[in-house]
Amino acid sequence: MNGLAREEWEKHLNGSLITEEMYGSLSEADHEDAHAEELKFGTAGIRGKIGLGPNRLNRYTVEKVAYGLSRQIRKEGGGRVVIGYDIRRLSREFSEAIASVLAENGIEVYLSEGYITTPELSFFTRRHGADYGIMITASHNPPEYNGIKVYGADGAQLTDAPAAALSDEINGIEDVFGIASADFDEALERGQIRHIDYRNYEDYQEKVKSLTGDIPASDLSVVFSSLHGTALPVAEYILRDLGFDGLHLVEAECEVDSDFSHVKNPNPEEPAAFTGARALGGEAGADLLIATDPDADRIGIEVMHEGEYVHLNGNQLGIILLHNRLNTTEFERTPVVVKSVVTSDLSRKVADKFGAESVEVLTGFKYIGAVAKSLEEDTTREFAFGYEESYGYLISDFVRDKDAIQIVPAIVKLASELKNAGLTLVDRLEEIYAEFGHQSEKMISHTFEGLAGREKIAEIMDQFRRNTPGEIEGRKVVCFEDYLSGERRFDDGRSEAIDLPRANVIKVHFEDGWIALRPSGTEPKIKLYVSLTTRHIDEEAKIINDMIFGV
């Protein structure tokens, strides 16, 4: 972007939702980055820093998304959108700006009256019979970020084809300062914008409670942190109604706070997110620590086992939940288990034991949601469980995105049952390993910022594609999968097509596991996934990481 473009944006500072104080506090490098390129609507929606400029989230870039969506809706002959928002900076303001543009274009809008969770937005989209749903959230990103997730009528985030169509509409809008918008209060008074019916909140909670049933009495003690996000009060209400009274809240971290003042990282994937929970857990003698991310779609736990808190990774928690789901549920049809290509293969062994079918999809919960939708009218198969290694789980598909609120009572009930038997969730995990094999996983993420960073990530992927070693850390490569070319090659010379959409993922298989490389779709990161039959995963993953990244 040139200097005139920046001057034009600065003329529109008033009305952008970005204050003069906020704008003036930024460095020149921040200002340059804000005008270096334009935020693009991609397959995961939009996520970026809040600020003034085409590469930032502000009223104008948010209205651009809303106007593009209204044009797409008119093409499709629809007319209803449900909007929710979380506790982040400007989330409410962005939601009202989007609602106002949609109302101006004749779209009927249902808007949450206060903050809600992402899984609730998925549920409400279907419940209101909407054509689209919009969630304003940046999930577990730092406080300077926000984002927009767009959902289809099925309650799942848009898959590739509809996302591309919407992206074309949004990215084709050039005049971001001339987008017409209704007056929000007037549109609300006229009924063009309505608030989500409160009975839907109760219906969602009833469905979650029906999944678990009453939690057995025990002396289980649980510490919970919402990491300043949206999981409360809904998770607390559900546990109370199911008869569980051993809940202790990390009070400071359970206050709504868009600055995340009392957490080092609002991401339950990271052990650092449990610092406050561990401190309270030690005081309360807690058996289980639970944390959910700010929009309550991801969940992490730590378990008191043999005198210390053990942080379960996403695969470990997932396999415990999967085993419990298949072991305790009577299915009317063949249960279907869905996982991503970078999630542990241990799930296949567990699924096989219980007669369940395994389906593998690309990374992104929208693909799990698409499988759930495809099973709606199936008379022989039904959705049983979906998960990703990145701490996202779904027990029942009345929600079509990962749902931490479903998992809270499920994991508390299982932990209560185990506590009454003198066991912990770690004991249950070891039982699963003893029966199915000890598969260990490690994910290592590398961040490369800016244009140079994107070029670095592209170079790493290109080098690995062109120079794939025949052996890695003493393990012979038996199969190489390139999801971008859609080809699977075996060490005996055979090859076959991969029956999945194209994606920038490389996966290398050994006799005892695999590794995968995948650039993030929403952050300037490239991730290395390691899944091996070993009890020394940290050491072996480091060797593989150092070889690939030249550390």
# chains A, B, ... in the order shown; residues from 1 in each chain; ligands from 1

$ residues_around --residues "A:Ser344" --least-positions-apart "4" --cutoff "10 Å" --atoms "only C-alpha atoms" --output "PyMOL selection string"
chain A and resi 314-316+318-319+339-340+348+388-389+439-441+513-514+529-532

$ write_last_selection --atoms "N, CA and C atoms" --output "CSV table (one decimal), in the first residue's frame"
chain,number,residue,atom,x,y,z
A,314,GLY,N,-3.4,-33.2,23.8
A,314,GLY,CA,-4.7,-33.3,23.1
A,314,GLY,C,-5.0,-34.7,22.7
A,315,ASN,N,-4.0,-35.5,22.2
A,315,ASN,CA,-4.3,-36.9,21.8
A,315,ASN,C,-4.6,-37.8,23.0
A,316,GLN,N,-4.0,-37.5,24.2
A,316,GLN,CA,-4.2,-38.4,25.3
A,316,GLN,C,-5.6,-38.1,25.9
A,318,GLY,N,-8.1,-37.0,24.2
A,318,GLY,CA,-9.0,-37.5,23.1
A,318,GLY,C,-9.2,-39.0,23.2
A,319,ILE,N,-8.1,-39.7,23.4
A,319,ILE,CA,-8.3,-41.2,23.4
A,319,ILE,C,-9.0,-41.6,24.7
A,339,LYS,N,-11.4,-38.2,12.9
A,339,LYS,CA,-10.2,-37.5,13.4
A,339,LYS,C,-9.4,-36.9,12.3
A,340,SER,N,-8.6,-36.0,12.6
A,340,SER,CA,-7.8,-35.3,11.6
A,340,SER,C,-6.5,-36.1,11.2
A,348,ARG,N,-7.8,-45.6,15.9
A,348,ARG,CA,-8.3,-46.6,15.0
A,348,ARG,C,-8.3,-48.0,15.7
A,388,GLU,N,-9.6,-33.5,17.3
A,388,GLU,CA,-8.3,-33.2,16.8
A,388,GLU,C,-7.3,-33.1,17.9
A,389,GLU,N,-6.0,-33.3,17.6
A,389,GLU,CA,-5.0,-33.2,18.6
A,389,GLU,C,-4.9,-31.9,19.3
A,439,GLN,N,1.3,-45.3,22.2
A,439,GLN,CA,1.6,-44.3,21.1
A,439,GLN,C,1.8,-43.0,21.8
A,440,SER,N,2.9,-42.3,21.5
A,440,SER,CA,3.2,-41.0,22.1
A,440,SER,C,3.3,-39.9,21.0
A,441,GLU,N,2.9,-38.7,21.4
A,441,GLU,CA,2.8,-37.7,20.4
A,441,GLU,C,3.5,-36.4,20.9
A,513,GLY,N,5.1,-45.4,13.4
A,513,GLY,CA,4.5,-44.1,13.6
A,513,GLY,C,4.6,-43.2,12.4
A,514,TRP,N,4.6,-41.9,12.6
A,514,TRP,CA,4.7,-40.9,11.5
A,514,TRP,C,5.1,-39.6,12.0
A,529,TYR,N,4.4,-32.4,13.7
A,529,TYR,CA,3.7,-33.4,14.5
A,529,TYR,C,4.5,-34.7,14.5
A,530,VAL,N,4.8,-35.2,15.6
A,530,VAL,CA,5.5,-36.5,15.8
A,530,VAL,C,4.6,-37.5,16.5
A,531,SER,N,4.4,-38.7,16.0
A,531,SER,CA,3.6,-39.7,16.6
A,531,SER,C,4.3,-41.0,16.5
A,532,LEU,N,4.9,-41.5,17.6
A,532,LEU,CA,5.7,-42.7,17.5
A,532,LEU,C,5.4,-43.7,18.7

$ closest_residue --among "A:Leu280, A:Ile148, A:Val101, A:Ala452" --to "A:Asp183" --atoms "only C-alpha atoms"
A:Val101

$ residues_around --residues "A:Glu206" --least-positions-apart "3" --cutoff "12 Å" --atoms "only C-alpha atoms" --output "ChimeraX atom specification"
/A:199-203,209-213,234-235,237-239,241-242,398,405-406

$ write_last_selection --atoms "N, CA, C and O atoms" --output "PDB file, in the first residue's frame"
ATOM      1  N   ARG A 199     -34.709 -19.190  25.213  1.00  0.00           N
ATOM      2  CA  ARG A 199     -35.017 -20.615  25.361  1.00  0.00           C
ATOM      3  C   ARG A 199     -33.975 -21.492  24.652  1.00  0.00           C
ATOM      4  O   ARG A 199     -33.757 -22.643  25.034  1.00  0.00           O
ATOM      5  N   ASN A 200     -33.332 -20.939  23.637  1.00  0.00           N
ATOM      6  CA  ASN A 200     -32.297 -21.705  22.937  1.00  0.00           C
ATOM      7  C   ASN A 200     -31.092 -21.977  23.826  1.00  0.00           C
ATOM      8  O   ASN A 200     -30.441 -23.017  23.704  1.00  0.00           O
ATOM      9  N   TYR A 201     -30.774 -21.033  24.706  1.00  0.00           N
ATOM     10  CA  TYR A 201     -29.680 -21.249  25.647  1.00  0.00           C
ATOM     11  C   TYR A 201     -30.012 -22.433  26.569  1.00  0.00           C
ATOM     12  O   TYR A 201     -29.157 -23.283  26.836  1.00  0.00           O
ATOM     13  N   GLU A 202     -31.248 -22.453  27.039  1.00  0.00           N
ATOM     14  CA  GLU A 202     -31.675 -23.544  27.915  1.00  0.00           C
ATOM     15  C   GLU A 202     -31.686 -24.875  27.163  1.00  0.00           C
ATOM     16  O   GLU A 202     -31.298 -25.903  27.715  1.00  0.00           O
ATOM     17  N   ASP A 203     -32.125 -24.856  25.895  1.00  0.00           N
ATOM     18  CA  ASP A 203     -32.160 -26.083  25.097  1.00  0.00           C
ATOM     19  C   ASP A 203     -30.758 -26.647  24.906  1.00  0.00           C
ATOM     20  O   ASP A 203     -30.553 -27.865  24.973  1.00  0.00           O
ATOM     21  N   LYS A 209     -26.508 -31.763  29.092  1.00  0.00           N
ATOM     22  CA  LYS A 209     -26.756 -32.561  30.301  1.00  0.00           C
ATOM     23  C   LYS A 209     -27.253 -33.961  29.962  1.00  0.00           C
ATOM     24  O   LYS A 209     -26.896 -34.940  30.623  1.00  0.00           O
ATOM     25  N   SER A 210     -28.053 -34.071  28.901  1.00  0.00           N
ATOM     26  CA  SER A 210     -28.578 -35.385  28.530  1.00  0.00           C
ATOM     27  C   SER A 210     -27.488 -36.315  28.014  1.00  0.00           C
ATOM     28  O   SER A 210     -27.629 -37.539  28.079  1.00  0.00           O
ATOM     29  N   LEU A 211     -26.400 -35.739  27.502  1.00  0.00           N
ATOM     30  CA  LEU A 211     -25.277 -36.560  27.033  1.00  0.00           C
ATOM     31  C   LEU A 211     -24.609 -37.312  28.182  1.00  0.00           C
ATOM     32  O   LEU A 211     -24.173 -38.453  28.022  1.00  0.00           O
ATOM     33  N   THR A 212     -24.520 -36.651  29.322  1.00  0.00           N
ATOM     34  CA  THR A 212     -23.737 -37.178  30.452  1.00  0.00           C
ATOM     35  C   THR A 212     -24.604 -37.888  31.474  1.00  0.00           C
ATOM     36  O   THR A 212     -24.244 -38.953  31.986  1.00  0.00           O
ATOM     37  N   GLY A 213     -25.734 -37.307  31.781  1.00  0.00           N
ATOM     38  CA  GLY A 213     -26.535 -37.826  32.889  1.00  0.00           C
ATOM     39  C   GLY A 213     -25.920 -37.408  34.210  1.00  0.00           C
ATOM     40  O   GLY A 213     -24.862 -36.762  34.268  1.00  0.00           O
ATOM     41  N   VAL A 234     -22.085 -20.947  31.964  1.00  0.00           N
ATOM     42  CA  VAL A 234     -22.793 -22.111  31.421  1.00  0.00           C
ATOM     43  C   VAL A 234     -22.234 -23.428  31.943  1.00  0.00           C
ATOM     44  O   VAL A 234     -22.989 -24.334  32.331  1.00  0.00           O
ATOM     45  N   ALA A 235     -20.900 -23.584  32.000  1.00  0.00           N
ATOM     46  CA  ALA A 235     -20.315 -24.849  32.462  1.00  0.00           C
ATOM     47  C   ALA A 235     -20.640 -25.095  33.933  1.00  0.00           C
ATOM     48  O   ALA A 235     -20.927 -26.235  34.339  1.00  0.00           O
ATOM     49  N   TYR A 237     -23.280 -23.964  35.594  1.00  0.00           N
ATOM     50  CA  TYR A 237     -24.701 -24.307  35.688  1.00  0.00           C
ATOM     51  C   TYR A 237     -24.922 -25.788  35.399  1.00  0.00           C
ATOM     52  O   TYR A 237     -25.674 -26.476  36.104  1.00  0.00           O
ATOM     53  N   ILE A 238     -24.285 -26.273  34.347  1.00  0.00           N
ATOM     54  CA  ILE A 238     -24.486 -27.661  33.928  1.00  0.00           C
ATOM     55  C   ILE A 238     -23.976 -28.630  34.991  1.00  0.00           C
ATOM     56  O   ILE A 238     -24.660 -29.600  35.350  1.00  0.00           O
ATOM     57  N   LEU A 239     -22.787 -28.388  35.522  1.00  0.00           N
ATOM     58  CA  LEU A 239     -22.244 -29.269  36.563  1.00  0.00           C
ATOM     59  C   LEU A 239     -23.131 -29.258  37.807  1.00  0.00           C
ATOM     60  O   LEU A 239     -23.387 -30.312  38.406  1.00  0.00           O
ATOM     61  N   ASP A 241     -26.367 -28.655  37.939  1.00  0.00           N
ATOM     62  CA  ASP A 241     -27.623 -29.356  37.654  1.00  0.00           C
ATOM     63  C   ASP A 241     -27.435 -30.869  37.583  1.00  0.00           C
ATOM     64  O   ASP A 241     -28.387 -31.627  37.803  1.00  0.00           O
ATOM     65  N   LEU A 242     -26.223 -31.323  37.280  1.00  0.00           N
ATOM     66  CA  LEU A 242     -25.941 -32.763  37.220  1.00  0.00           C
ATOM     67  C   LEU A 242     -25.512 -33.324  38.569  1.00  0.00           C
ATOM     68  O   LEU A 242     -25.145 -34.494  38.675  1.00  0.00           O
ATOM     69  N   PHE A 398     -25.189 -32.245  17.780  1.00  0.00           N
ATOM     70  CA  PHE A 398     -26.132 -31.127  17.820  1.00  0.00           C
ATOM     71  C   PHE A 398     -25.362 -29.816  17.741  1.00  0.00           C
ATOM     72  O   PHE A 398     -25.933 -28.764  17.446  1.00  0.00           O
ATOM     73  N   ILE A 405     -17.780 -27.308  26.208  1.00  0.00           N
ATOM     74  CA  ILE A 405     -18.838 -27.400  27.206  1.00  0.00           C
ATOM     75  C   ILE A 405     -19.404 -28.817  27.266  1.00  0.00           C
ATOM     76  O   ILE A 405     -19.768 -29.298  28.345  1.00  0.00           O
ATOM     77  N   GLN A 406     -19.478 -29.504  26.132  1.00  0.00           N
ATOM     78  CA  GLN A 406     -19.872 -30.914  26.148  1.00  0.00           C
ATOM     79  C   GLN A 406     -18.883 -31.759  26.954  1.00  0.00           C
ATOM     80  O   GLN A 406     -19.277 -32.727  27.614  1.00  0.00           O
TER      81      GLN A 406
END

$ closest_atom_pairs --of "stretch 45-95 of chain A" --to "stretch 250-271 of chain A" --cutoff "10 Å" --atoms "only C-alpha atoms" --output "CSV"
residue,atom,partner,partner_atom,distance
A:Asp86,CA,A:Ser258,CA,9.2
A:Ile87,CA,A:Ser258,CA,5.8
A:Arg88,CA,A:Ser258,CA,4.6
A:Arg89,CA,A:Ser258,CA,5.6
A:Leu90,CA,A:Ser258,CA,9.1
A:Ser91,CA,A:Ser258,CA,9.5

$ write_last_selection --atoms "N, CA and C atoms" --output "mmCIF file, in the first residue's frame"
data_model
loop_
_atom_site.group_PDB
_atom_site.id
_atom_site.type_symbol
_atom_site.label_atom_id
_atom_site.label_comp_id
_atom_site.auth_asym_id
_atom_site.auth_seq_id
_atom_site.Cartn_x
_atom_site.Cartn_y
_atom_site.Cartn_z
ATOM 1 N N ASP A 86 -17.636 -13.092 21.531
ATOM 2 C CA ASP A 86 -17.024 -13.453 22.805
ATOM 3 C C ASP A 86 -16.604 -12.198 23.557
ATOM 4 N N ILE A 87 -15.630 -12.355 24.468
ATOM 5 C CA ILE A 87 -15.310 -11.275 25.404
ATOM 6 C C ILE A 87 -14.148 -10.393 24.938
ATOM 7 N N ARG A 88 -13.682 -10.581 23.711
ATOM 8 C CA ARG A 88 -12.505 -9.850 23.251
ATOM 9 C C ARG A 88 -12.791 -8.375 22.985
ATOM 10 N N ARG A 89 -11.697 -7.624 22.851
ATOM 11 C CA ARG A 89 -11.801 -6.202 22.547
ATOM 12 C C ARG A 89 -12.616 -5.998 21.269
ATOM 13 N N LEU A 90 -13.597 -5.133 21.346
ATOM 14 C CA LEU A 90 -14.444 -4.727 20.228
ATOM 15 C C LEU A 90 -15.317 -5.844 19.663
ATOM 16 N N SER A 91 -15.394 -6.985 20.346
ATOM 17 C CA SER A 91 -16.232 -8.064 19.816
ATOM 18 C C SER A 91 -17.691 -7.625 19.686
#

$ closest_residue --among "A:Phe436, A:Phe385, A:Tyr198, A:Phe244" --to "A:Ala217" --atoms "only C-alpha atoms"
A:Phe244

$ closest_atom_pairs --of "stretch 18-67 of chain A" --to "stretch 102-116 of chain A" --cutoff "12 Å" --atoms "only C-alpha atoms" --output "tab-separated table"
residue	atom	partner	partner_atom	distance
A:Val62	CA	A:Leu102	CA	11.6
A:Glu63	CA	A:Leu102	CA	9.0
A:Lys64	CA	A:Leu102	CA	10.8
A:Val65	CA	A:Leu102	CA	10.1
A:Ala66	CA	A:Leu102	CA	6.3
A:Tyr67	CA	A:Leu102	CA	6.8

$ residues_around --residues "A:Glu330" --least-positions-apart "3" --cutoff "12 Å" --atoms "only C-alpha atoms" --output "JSON, numbers by chain"
{"A": [324, 325, 326, 327, 333, 334, 335, 354, 355, 356, 382, 384]}

$ write_last_selection --atoms "C-alpha atoms" --output "PDB file, in the first residue's frame"
ATOM      1  CA  ASN A 324     -15.229 -43.847  27.317  1.00  0.00           C
ATOM      2  CA  ARG A 325     -17.727 -42.830  24.638  1.00  0.00           C
ATOM      3  CA  LEU A 326     -17.561 -46.167  22.817  1.00  0.00           C
ATOM      4  CA  ASN A 327     -17.397 -48.205  26.023  1.00  0.00           C
ATOM      5  CA  ARG A 333     -26.249 -47.840  14.063  1.00  0.00           C
ATOM      6  CA  THR A 334     -22.550 -48.332  13.319  1.00  0.00           C
ATOM      7  CA  PRO A 335     -20.700 -45.601  15.247  1.00  0.00           C
ATOM      8  CA  PHE A 354     -15.797 -51.523  19.600  1.00  0.00           C
ATOM      9  CA  GLY A 355     -16.883 -52.101  16.004  1.00  0.00           C
ATOM     10  CA  ALA A 356     -16.737 -48.429  15.092  1.00  0.00           C
ATOM     11  CA  GLU A 382     -24.133 -42.509  13.024  1.00  0.00           C
ATOM     12  CA  ALA A 384     -20.100 -41.069  17.594  1.00  0.00           C
TER      13      ALA A 384
END

$ closest_residue --among "A:Val341, A:Ala410, A:Leu322, A:Val310" --to "A:Ala516" --atoms "only C-alpha atoms"
A:Val341

$ residues_around --residues "A:Ala284" --least-positions-apart "5" --cutoff "9 Å" --atoms "only C-alpha atoms" --output "NGL selection string"
:A and (221-223 or 248 or 279)

$ write_last_selection --atoms "C-alpha atoms" --output "PDB file, in the first residue's frame"
ATOM      1  CA  SER A 221     -12.366 -31.978  43.745  1.00  0.00           C
ATOM      2  CA  VAL A 222     -12.117 -29.966  40.521  1.00  0.00           C
ATOM      3  CA  VAL A 223     -10.506 -26.588  39.863  1.00  0.00           C
ATOM      4  CA  HIS A 248     -13.559 -24.547  42.733  1.00  0.00           C
ATOM      5  CA  ALA A 279      -1.884 -22.874  42.760  1.00  0.00           C
TER       6      ALA A 279
END

$ atom_distance --atom1 "atom CA of A:Asp352" --atom2 "atom CA of A:Pro409"
26.0 Å

$ closest_residue --among "A:Glu540, A:Asp403, A:Asp345, A:Glu511" --to "A:Asp293" --atoms "only C-alpha atoms"
A:Asp403

$ residues_around --residues "A:Gly285" --least-positions-apart "4" --cutoff "12 Å" --atoms "only C-alpha atoms" --output "tab-separated table (two decimals) with N, CA and C atoms, in the first residue's frame"
chain	number	residue	atom	x	y	z
A	219	ASP	N	-15.83	-37.79	46.31
A	219	ASP	CA	-15.14	-36.66	46.91
A	219	ASP	C	-14.17	-36.02	45.93
A	220	LEU	N	-14.46	-36.19	44.63
A	220	LEU	CA	-13.64	-35.56	43.59
A	220	LEU	C	-13.67	-34.04	43.74
A	221	SER	N	-12.50	-33.43	43.66
A	221	SER	CA	-12.37	-31.98	43.74
A	221	SER	C	-11.80	-31.46	42.42
A	222	VAL	N	-12.48	-30.49	41.84
A	222	VAL	CA	-12.12	-29.97	40.52
A	222	VAL	C	-11.88	-28.46	40.60
A	223	VAL	N	-10.78	-28.02	40.02
A	223	VAL	CA	-10.51	-26.59	39.86
A	223	VAL	C	-10.76	-26.22	38.41
A	246	GLY	N	-18.26	-30.29	43.73
A	246	GLY	CA	-16.85	-30.19	44.11
A	246	GLY	C	-16.06	-29.24	43.24
A	247	LEU	N	-16.72	-28.18	42.73
A	247	LEU	CA	-16.07	-27.26	41.80
A	247	LEU	C	-15.49	-26.06	42.53
A	248	HIS	N	-14.23	-25.73	42.20
A	248	HIS	CA	-13.56	-24.55	42.73
A	248	HIS	C	-13.13	-23.68	41.56
A	277	ALA	N	-4.48	-22.32	38.14
A	277	ALA	CA	-5.25	-23.51	38.53
A	277	ALA	C	-4.42	-24.42	39.43
A	278	ARG	N	-3.13	-24.55	39.13
A	278	ARG	CA	-2.27	-25.40	39.96
A	278	ARG	C	-2.15	-24.82	41.37
A	279	ALA	N	-2.01	-23.50	41.44
A	279	ALA	CA	-1.88	-22.87	42.76
A	279	ALA	C	-3.14	-23.12	43.60
A	280	LEU	N	-4.32	-22.92	43.02
A	280	LEU	CA	-5.56	-23.17	43.75
A	280	LEU	C	-5.74	-24.66	44.00
A	281	GLY	N	-5.32	-25.46	43.02
A	281	GLY	CA	-5.44	-26.91	43.18
A	281	GLY	C	-4.66	-27.42	44.37
A	289	LEU	N	-7.74	-30.45	37.22
A	289	LEU	CA	-7.73	-29.06	36.80
A	289	LEU	C	-8.28	-28.98	35.39
A	303	VAL	N	-4.16	-33.65	35.70
A	303	VAL	CA	-4.65	-34.67	36.62
A	303	VAL	C	-3.65	-34.86	37.76
A	304	MET	N	-4.13	-34.83	39.00
A	304	MET	CA	-3.27	-35.16	40.13
A	304	MET	C	-3.04	-36.67	40.12
A	305	HIS	N	-1.78	-37.06	39.94
A	305	HIS	CA	-1.45	-38.48	39.86
A	305	HIS	C	-0.11	-38.71	40.53
A	307	GLY	N	1.02	-37.67	43.31
A	307	GLY	CA	1.58	-36.51	43.99
A	307	GLY	C	1.92	-35.32	43.13
A	308	GLU	N	1.61	-35.35	41.81
A	308	GLU	CA	1.89	-34.19	40.98
A	308	GLU	C	0.85	-34.06	39.88
A	309	TYR	N	0.71	-32.85	39.36
A	309	TYR	CA	-0.24	-32.61	38.29
A	309	TYR	C	0.38	-33.00	36.94

$ select_by_dssp --residues "stretch 305-380 of chain A" --states "helix (DSSP H, G or I)" --output "PyMOL selection string"
chain A and resi 314-328+346-353+365-374

$ write_last_selection --atoms "N, CA, C and O atoms" --output "short mmCIF file (atom, residue, chain, number, x, y, z; two decimals), in the first residue's frame"
data_model
loop_
_atom_site.label_atom_id
_atom_site.label_comp_id
_atom_site.auth_asym_id
_atom_site.auth_seq_id
_atom_site.Cartn_x
_atom_site.Cartn_y
_atom_site.Cartn_z
N GLY A 314 -3.41 -33.23 23.80
CA GLY A 314 -4.69 -33.34 23.12
C GLY A 314 -5.02 -34.73 22.66
O GLY A 314 -6.20 -35.14 22.65
N ASN A 315 -4.03 -35.50 22.24
CA ASN A 315 -4.25 -36.88 21.84
C ASN A 315 -4.62 -37.75 23.04
O ASN A 315 -5.50 -38.62 22.95
N GLN A 316 -3.96 -37.54 24.16
CA GLN A 316 -4.22 -38.36 25.35
C GLN A 316 -5.63 -38.13 25.87
O GLN A 316 -6.35 -39.08 26.17
N LEU A 317 -6.03 -36.86 26.00
CA LEU A 317 -7.39 -36.57 26.45
C LEU A 317 -8.40 -37.11 25.45
O LEU A 317 -9.43 -37.68 25.82
N GLY A 318 -8.08 -36.98 24.15
CA GLY A 318 -8.98 -37.47 23.13
C GLY A 318 -9.19 -38.96 23.18
O GLY A 318 -10.33 -39.45 23.03
N ILE A 319 -8.12 -39.72 23.42
CA ILE A 319 -8.27 -41.18 23.43
C ILE A 319 -9.03 -41.65 24.67
O ILE A 319 -9.78 -42.63 24.63
N ILE A 320 -8.87 -40.94 25.79
CA ILE A 320 -9.65 -41.25 26.99
C ILE A 320 -11.13 -41.01 26.73
O ILE A 320 -11.99 -41.84 27.04
N LEU A 321 -11.45 -39.87 26.12
CA LEU A 321 -12.84 -39.53 25.82
C LEU A 321 -13.44 -40.50 24.81
O LEU A 321 -14.59 -40.94 24.96
N LEU A 322 -12.67 -40.84 23.78
CA LEU A 322 -13.16 -41.77 22.76
C LEU A 322 -13.44 -43.14 23.36
O LEU A 322 -14.50 -43.73 23.12
N HIS A 323 -12.49 -43.65 24.13
CA HIS A 323 -12.66 -44.97 24.74
C HIS A 323 -13.90 -44.97 25.64
O HIS A 323 -14.71 -45.92 25.61
N ASN A 324 -14.08 -43.92 26.42
CA ASN A 324 -15.23 -43.85 27.32
C ASN A 324 -16.53 -43.76 26.53
O ASN A 324 -17.54 -44.38 26.89
N ARG A 325 -16.53 -42.99 25.46
CA ARG A 325 -17.73 -42.83 24.64
C ARG A 325 -18.15 -44.17 24.04
O ARG A 325 -19.33 -44.56 24.11
N LEU A 326 -17.22 -44.90 23.46
CA LEU A 326 -17.56 -46.17 22.82
C LEU A 326 -17.87 -47.26 23.84
O LEU A 326 -18.69 -48.15 23.58
N ASN A 327 -17.24 -47.18 25.00
CA ASN A 327 -17.40 -48.20 26.02
C ASN A 327 -18.70 -48.07 26.80
O ASN A 327 -19.18 -49.04 27.39
N THR A 328 -19.29 -46.87 26.81
CA THR A 328 -20.45 -46.63 27.67
C THR A 328 -21.73 -46.31 26.90
O THR A 328 -22.77 -46.08 27.52
N LEU A 346 -3.90 -44.14 17.25
CA LEU A 346 -4.36 -45.04 18.31
C LEU A 346 -5.89 -45.13 18.30
O LEU A 346 -6.47 -46.16 18.68
N SER A 347 -6.54 -44.08 17.82
CA SER A 347 -8.01 -44.08 17.78
C SER A 347 -8.54 -45.20 16.90
O SER A 347 -9.63 -45.74 17.16
N ARG A 348 -7.81 -45.56 15.85
CA ARG A 348 -8.27 -46.63 14.96
C ARG A 348 -8.34 -47.96 15.71
O ARG A 348 -9.29 -48.74 15.53
N LYS A 349 -7.33 -48.21 16.53
CA LYS A 349 -7.32 -49.47 17.28
C LYS A 349 -8.47 -49.53 18.27
O LYS A 349 -9.12 -50.57 18.42
N VAL A 350 -8.72 -48.40 18.95
CA VAL A 350 -9.83 -48.35 19.90
C VAL A 350 -11.16 -48.51 19.16
O VAL A 350 -12.04 -49.26 19.58
N ALA A 351 -11.31 -47.81 18.05
CA ALA A 351 -12.55 -47.89 17.28
C ALA A 351 -12.79 -49.32 16.78
O ALA A 351 -13.91 -49.83 16.83
N ASP A 352 -11.73 -49.97 16.31
CA ASP A 352 -11.87 -51.33 15.80
C ASP A 352 -12.40 -52.28 16.88
O ASP A 352 -13.25 -53.14 16.62
N LYS A 353 -11.91 -52.13 18.10
CA LYS A 353 -12.34 -53.02 19.18
C LYS A 353 -13.84 -52.94 19.41
O LYS A 353 -14.51 -53.94 19.66
N PHE A 365 -11.87 -28.35 12.02
CA PHE A 365 -13.06 -29.03 12.52
C PHE A 365 -14.23 -28.95 11.55
O PHE A 365 -15.21 -29.70 11.65
N LYS A 366 -14.14 -28.05 10.58
CA LYS A 366 -15.20 -27.97 9.57
C LYS A 366 -15.32 -29.28 8.80
O LYS A 366 -16.43 -29.65 8.38
N TYR A 367 -14.21 -29.99 8.65
CA TYR A 367 -14.26 -31.27 7.94
C TYR A 367 -14.92 -32.35 8.79
O TYR A 367 -15.62 -33.22 8.26
N ILE A 368 -14.72 -32.28 10.09
CA ILE A 368 -15.43 -33.19 10.99
C ILE A 368 -16.93 -32.88 10.97
O ILE A 368 -17.78 -33.77 10.92
N GLY A 369 -17.25 -31.57 10.96
CA GLY A 369 -18.64 -31.17 10.86
C GLY A 369 -19.29 -31.64 9.57
O GLY A 369 -20.47 -32.03 9.55
N ALA A 370 -18.52 -31.63 8.48
CA ALA A 370 -19.06 -32.08 7.19
C ALA A 370 -19.38 -33.57 7.21
O ALA A 370 -20.39 -34.01 6.64
N VAL A 371 -18.53 -34.37 7.88
CA VAL A 371 -18.82 -35.80 8.02
C VAL A 371 -20.09 -35.99 8.84
O VAL A 371 -20.96 -36.82 8.50
N ALA A 372 -20.22 -35.24 9.94
CA ALA A 372 -21.42 -35.35 10.77
C ALA A 372 -22.67 -35.04 9.95
O ALA A 372 -23.69 -35.75 10.04
N LYS A 373 -22.61 -34.00 9.13
CA LYS A 373 -23.75 -33.66 8.28
C LYS A 373 -24.08 -34.78 7.31
O LYS A 373 -25.25 -35.11 7.08
N SER A 374 -23.04 -35.39 6.73
CA SER A 374 -23.26 -36.46 5.75
C SER A 374 -23.94 -37.68 6.35
O SER A 374 -24.50 -38.50 5.63
#

$ closest_residue --among "A:Ser225, A:Ser358, A:Thr329, A:Ser167" --to "A:Gln72" --atoms "only C-alpha atoms"
A:Ser167

$ residues_around --residues "A:Ala231" --least-positions-apart "6" --cutoff "8 Å" --atoms "only C-alpha atoms" --output "ChimeraX atom specification"
/A:117,292,294-296,405

$ closest_residue --among "A:Val426, A:Ala153, A:Ile543, A:Ala29" --to "A:Gly474" --atoms "only C-alpha atoms"
A:Ile543

$ select_by_dssp --residues "stretch 134-173 of chain A" --states "strand (DSSP E or B)" --output "ChimeraX atom specification"
/A:134-136,145-152,157
